[in-house]
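So the structure is just underneath, and the comments pick up after that.
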Amino acid sequence: MYRIFYLLFTATILFTSCNNDDDAGTPEPEEENFYALAVGNSWEYEYYALNTQTDEYELRDLLLTRTITGTTEIDGETYYNVDVITTGTDSCPLCDDQLQTELVRDSLGYEINEEGVILFSKDDENDYLIYSQPFGDIFGKLLSGTTTVDVEAGQFVAQRNVVYAILTSGVTSEGTDEILYSDGVGMVFRTISAVNNPSPLGEIRLKSYNLVEQ
C-alpha cells in the first residue's frame, strides 16, 4: 500500500522578421525540456528514513541512480530509456537493488511511461488518475505556484504534485506523497508514504546530477 512516484508537448512558432535590413530574421526559440529528457542525463538520489523516536529523517546507506541511456520508438512516439539502479546496504519500500529500465516521455505537459501512466503534471491542475488498487484509486494533482527546496545538490525552485488515494470506503487516505520537479533539472525531491499514516516513511532527495548540453 505504498505509493509515490510522470510530458511535454511544445508547439514551436517561427517568427520571420519583416525588416528588409535584417535578412537573418529572429532566431528560432529553444525547445523547452522541463523534465530534462536527453540521452546522457543522469541523477543520483539519497534515501532518508523516518526515525519514529526522534521524528527526524535520517540518511541511510542507499543510493538511487537514474541514467538516460537511449530512446525507444513505440507507436510513433519516442520514449527515453531510464536505467534505474540502487546500491547500498539499506532498503526502502519502493527501491530495488537490481537494474531496471523505465520508458518515459513528455506528453502535453505530463510525464508518462510506456503504459500511459501519468508520473507528473506540470501544467494541468486537475486531479488525474494514476492507477487502481484493491484498496482504492490513486490520484495525483499539480498544486498551484512553486516551492523552494534545499537538498544536497543545491536549492531549487520546483513545481509540486501530491499523490493520494481514495479508498473503497470513499475516504481520502491519511498518507499523501509529494513529488517536486525543477524546470530543466527533473525530479529533485519526493516522499514515500503509507496510505494510513500521515507522516511519510521516507524521503528521496537529489544528491547530484549531470545534464548534457542541449
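The chains in the C-alpha cells are called A, B, ... from first to last as shown; in each chain the residues are counted from 1, and the ligands are counted from 1 in the order shown.
For range 199-210 of chain A, the non-local neighbours within 8 Å, defined as residues at least 6 positions apart in the same chain or in other chains and counting only C-alpha atoms, are Asn41, Ser42, Trp43, Glu44, Tyr45, Glu46, Tyr47, Tyr48, Ala49, Leu50, Tyr57, Cys92, Val151, Glu152, Ala153, Gly175, Thr176, Asp177, Met187, Val188, Phe189, Arg190, Thr191, Ile192 and Ser193 of chain A.
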**Asked** Neighbours of Lys141 in chain A within 7 Å (only C-alpha atoms; same-chain residues fewer than 4 positions away dropped), as a ChimeraX atom specification?
**Response** /A:125-128,161-163
**Item:** Per-residue DSSP, range 13-187 of chain A, filtered to strand (DSSP E), as a PyMOL selection string
**Value:** chain A and resi 42-51+56-74+77-87+100-107+110-113+118-121+128-133+136-142+147-151+154-167+177-182+186-187
**Asked** Skipping near chain neighbours, those fewer than 4 positions away, what residues fall within 12 Å of Ser91 in chain A using only C-alpha atoms, listed as a PyMOL selection string?
**Response** chain A and resi 46-49+59-64+86-87+95-98+202
**Item:** Residues near Ile118 in chain A, cut-off 7 Å, only C-alpha atoms, skip fewer than 3 positions along chain, as a ChimeraX atom specification
**Value:** /A:6,110-113,130
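Residue nearest Gln159 in chain A, chosen from A:Asp123, A:Glu115, A:Glu174, A:Glu56 and counting only C-alpha atoms: A:Asp123.
Closest approach to Ser173 in chain A from the set A:Leu143, A:Phe156, A:Asn81, A:Asp137 is made by A:Asp137, with distances taken over only C-alpha atoms.
Restricting the calculation to only C-alpha atoms, the smallest distance between Val171 in chain A and any of A:Gly40, A:Gly136, A:Gly70, A:Gly145 is found for A:Gly136.
Of note, CA of Gly154 in chain A and CA of Val185 in chain A are spaced 11.5 Å apart.
Between CA of Glu77 in chain A and CA of Val39 in chain A there is a distance of 15.7 Å.
Atom pair CA of Val82 in chain A / CA of Val195 in chain A: separated by 27.5 Å.
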